[in-house]
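Raw my_file37.cif, mmCIF, C-alpha atoms:
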```cif
data_query
loop_
_atom_site.label_atom_id
_atom_site.label_comp_id
_atom_site.auth_asym_id
_atom_site.auth_seq_id
_atom_site.Cartn_x
_atom_site.Cartn_y
_atom_site.Cartn_z
CA MET A 1 0.00 0.00 0.00
CA ASN A 2 1.80 3.01 -1.26
CA ALA A 3 -0.16 6.16 -0.52
CA ASP A 4 0.51 9.30 -2.48
CA PRO A 5 1.80 11.78 0.13
CA SER A 6 0.42 14.77 -1.78
CA THR A 7 -3.14 13.49 -1.42
CA THR A 8 -2.95 12.07 2.06
CA THR A 9 -4.08 14.32 4.92
CA VAL A 10 -2.98 13.42 8.38
CA GLU A 11 -4.76 15.35 11.11
CA ARG A 12 -2.82 15.73 14.28
CA PRO A 13 -5.09 15.63 17.30
CA THR A 14 -3.01 18.22 19.17
CA SER A 15 -3.09 20.90 16.43
CA LYS A 16 -6.63 22.09 17.30
CA LEU A 17 -5.76 22.10 20.97
CA ALA A 18 -2.58 24.08 20.33
CA MET A 19 -4.48 26.63 18.22
CA ALA A 20 -7.10 27.04 20.96
CA ALA A 21 -4.34 27.62 23.52
CA VAL A 22 -2.74 30.32 21.33
CA ILE A 23 -6.10 32.05 20.84
CA ALA A 24 -6.79 31.94 24.58
CA ALA A 25 -3.34 33.38 25.36
CA VAL A 26 -3.84 36.22 22.89
CA ALA A 27 -7.27 36.95 24.40
CA VAL A 28 -5.76 37.14 27.89
CA VAL A 29 -3.03 39.55 26.77
CA VAL A 30 -5.48 41.77 24.87
CA GLY A 31 -7.83 41.79 27.87
CA TYR A 32 -4.98 42.68 30.21
CA PHE A 33 -4.09 45.75 28.18
CA ALA A 34 -7.72 46.70 27.57
CA LEU A 35 -8.31 46.82 31.34
CA GLY A 36 -5.37 49.15 31.84
CA MET A 37 -2.93 46.52 33.05
CA PRO A 38 -4.48 45.85 36.47
CA GLY A 39 -2.00 45.32 39.26
CA MET A 40 0.61 47.55 37.67
CA ASP A 41 1.78 50.80 39.26
CA HIS A 42 0.11 53.59 37.30
CA GLY A 43 1.98 56.65 38.48
CA THR A 44 2.09 59.81 36.41
CA GLU A 45 4.74 58.32 34.17
CA THR A 46 4.38 54.97 32.48
CA SER A 47 7.28 52.82 31.36
CA THR A 48 6.51 53.91 27.79
CA GLY A 49 7.02 57.57 28.72
CA HIS A 50 3.41 58.65 28.25
CA ASP A 51 2.43 61.49 30.58
CA MET A 52 -0.78 60.43 32.32
CA SER A 53 -1.16 63.86 33.97
CA THR A 54 -2.68 65.20 30.74
CA MET A 55 -5.73 63.00 31.22
CA THR A 56 -8.90 64.96 31.99
CA PRO A 57 -9.72 64.79 35.69
CA SER A 58 -13.28 64.37 36.82
CA VAL A 59 -15.26 65.90 39.64
CA SER A 60 -17.25 63.55 41.86
CA GLN A 61 -20.97 64.05 41.48
CA MET A 62 -23.25 63.80 44.51
CA SER A 63 -26.97 63.16 44.71
CA ALA A 64 -29.17 65.65 46.57
CA GLU A 65 -29.35 63.21 49.48
CA ARG A 66 -25.57 62.82 49.75
CA PHE A 67 -25.06 66.56 49.29
CA ASN A 68 -27.51 67.21 52.13
CA GLU A 69 -25.51 64.84 54.36
CA ALA A 70 -22.31 66.71 53.43
CA LEU A 71 -23.83 69.99 54.62
CA THR A 72 -23.87 68.70 58.20
CA ALA A 73 -20.15 67.90 58.28
CA GLU A 74 -18.18 70.64 60.03
CA ASP A 75 -15.13 70.53 57.79
CA VAL A 76 -16.97 70.76 54.45
CA TYR A 77 -16.75 74.08 52.60
CA VAL A 78 -19.90 74.63 50.49
CA VAL A 79 -19.78 77.03 47.54
CA ASN A 80 -22.55 78.29 45.27
CA VAL A 81 -20.90 78.99 41.90
CA HIS A 82 -23.97 79.85 39.81
CA VAL A 83 -23.97 83.06 37.77
CA PRO A 84 -26.17 85.02 38.00
CA TYR A 85 -27.23 84.45 41.58
CA GLU A 86 -30.53 82.52 41.58
CA GLY A 87 -30.81 81.47 45.20
CA GLU A 88 -28.93 79.16 47.50
CA ILE A 89 -29.02 76.08 49.65
CA ASP A 90 -29.11 76.61 53.41
CA GLY A 91 -25.65 75.90 54.83
CA THR A 92 -23.74 77.53 51.96
CA ASP A 93 -20.45 79.07 53.11
CA THR A 94 -19.90 81.46 50.23
CA PHE A 95 -20.77 82.49 46.68
CA ILE A 96 -17.98 82.51 44.08
CA ALA A 97 -18.76 82.82 40.37
CA PHE A 98 -17.72 79.58 38.62
CA ASP A 99 -15.49 81.42 36.16
CA GLN A 100 -13.74 83.42 38.90
CA ILE A 101 -13.05 80.62 41.37
CA GLU A 102 -9.35 80.43 40.53
CA ASP A 103 -8.84 84.08 41.45
CA SER A 104 -10.96 84.00 44.60
CA GLY A 105 -9.36 84.69 47.93
CA GLU A 106 -12.21 82.90 49.70
CA LEU A 107 -11.06 79.33 49.16
CA PRO A 108 -9.68 77.31 52.07
CA PRO A 109 -5.87 77.27 52.21
CA ASP A 110 -5.87 73.53 53.03
CA LEU A 111 -5.93 71.74 49.66
CA SER A 112 -7.29 68.59 51.33
CA GLN A 113 -10.34 70.26 52.88
CA PRO A 114 -13.56 68.87 51.38
CA ILE A 115 -15.20 71.37 49.02
CA ARG A 116 -18.75 70.87 47.77
CA LEU A 117 -20.00 72.96 44.86
CA TYR A 118 -23.37 73.60 43.33
CA CYS A 119 -25.05 75.77 40.71
CA LYS A 120 -28.47 75.71 39.01
CA THR A 121 -28.04 72.60 36.83
CA GLY A 122 -24.59 71.16 37.59
CA ARG A 123 -22.73 72.46 34.54
CA MET A 124 -21.06 75.45 36.18
CA SER A 125 -20.19 73.49 39.33
CA GLN A 126 -18.56 70.78 37.19
CA THR A 127 -16.44 73.46 35.49
CA ALA A 128 -15.51 75.08 38.81
CA GLY A 129 -14.66 71.68 40.27
CA LEU A 130 -12.26 70.90 37.44
CA THR A 131 -10.55 74.24 38.08
CA LEU A 132 -10.19 73.41 41.79
CA ILE A 133 -8.67 70.01 40.97
CA GLN A 134 -6.19 71.68 38.62
CA MET A 135 -5.35 74.07 41.47
CA GLY A 136 -4.47 71.08 43.66
CA TYR A 137 -7.61 70.55 45.75
CA THR A 138 -8.02 66.85 46.40
CA ASP A 139 -11.56 66.45 47.80
CA VAL A 140 -13.93 68.18 45.39
CA ALA A 141 -17.48 67.14 44.55
CA HIS A 142 -20.54 68.83 43.12
CA LEU A 143 -24.30 68.50 43.33
CA GLY A 144 -25.40 66.58 40.24
CA GLY A 145 -28.32 68.40 38.65
CA GLY A 146 -27.64 71.44 40.83
CA MET A 147 -30.34 73.47 42.57
CA ASP A 148 -32.89 72.06 40.13
CA ALA A 149 -32.24 68.52 41.43
CA TRP A 150 -32.18 69.84 45.00
CA ALA A 151 -35.65 71.38 44.59
CA GLU A 152 -36.97 68.29 42.78
CA SER A 153 -35.91 66.21 45.81
CA GLY A 154 -38.29 68.30 47.95
CA ARG A 155 -35.60 70.40 49.61
CA ALA A 156 -35.85 74.17 50.06
CA LEU A 157 -33.93 76.88 48.27
CA PHE A 158 -33.52 80.35 49.70
CA GLY A 159 -33.10 83.74 48.11
CA ASN A 160 -33.78 84.76 44.58
CA THR A 161 -35.25 81.53 43.09
#
```

Let me see the structure of the file written as structure tokens.
Amino acid sequence: MNADPSTTTVERPTSKLAMAAVIAAVAVVVGYFALGMPGMDHGTETSTGHDMSTMTPSVSQMSAERFNEALTAEDVYVVNVHVPYEGEIDGTDTFIAFDQIEDSGELPPDLSQPIRLYCKTGRMSQTAGLTLIQMGYTDVAHLGGGMDAWAESGRALFGNT
């Protein structure tokens, strides 16, 4: 029995298993990088030299309920940043226009002091919060939905609403 080698196909039982193992290994590596290399030290400089400090920071957003709880904490500094003034939440420490917060002399000198911001809808407080983070403040959050969300939660506003 002389078989013609050009027409004979010999299937190796391990070839499908080996291919599946390679595919699985590739999937693990791709997943590792897609998740930001969990377990690795992600300081401001990566081993590839990319500067991670240019990434856009974000300001924590608080619900009306959590914001209300923050008002009772003694060390929290609460700032209304809405322009023009359209009222305020009881317990507010000061009013600083969102676009003038960087130049304000009313901010706490301690960069780790919790600062809670609000405006009418949340847009201006988000902007002011980003400015504070860029200035070095480390505990900044704002009222998501602003005074509108505050009022919708059944809480009172005071002043010019």

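Between CA of Gln61 (chain A) and CA of Asp103 (chain A) lies a distance of 23.4 Å.
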
Running the PyMOL selection byres ((chain A and resi 127) around 12) on this model by hand, what would come out? Give it as a ChimeraX atom specification. /A:56-60,81-82,97-102,117-119,121-126,128-134,140-142

Counting all atoms listed in the file, find the residues whose atoms lie at most 9 Å from (-14.4, 70.4, 52.1) (file coordinates) and write them out as a count of residues only. 17

So, with only C-alpha atoms as the atoms that count, which of A:Ile96, A:Met62, A:Glu106, A:Val79 lies closest to Trp150 (chain A)?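 Closest to Trp150 (chain A), using only C-alpha atoms: A:Met62.
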
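With only C-alpha atoms as the basis for measurement, A:Lys120 is the residue among A:Gly144, A:Lys120, A:Asn68, A:Ile23 that approaches Pro84 (chain A) most closely.
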
(-34.7, 66.9, 43.8) in this file's frame - what residues fall within 12 Å of it? Use only C-alpha atoms and give the answer as a VMD selection string. chain A and resid 62 to 68 120 to 121 143 to 157

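Coordinates place CA of Gly87 (chain A) at a distance of 4.3 Å from CA of Gly159 (chain A).
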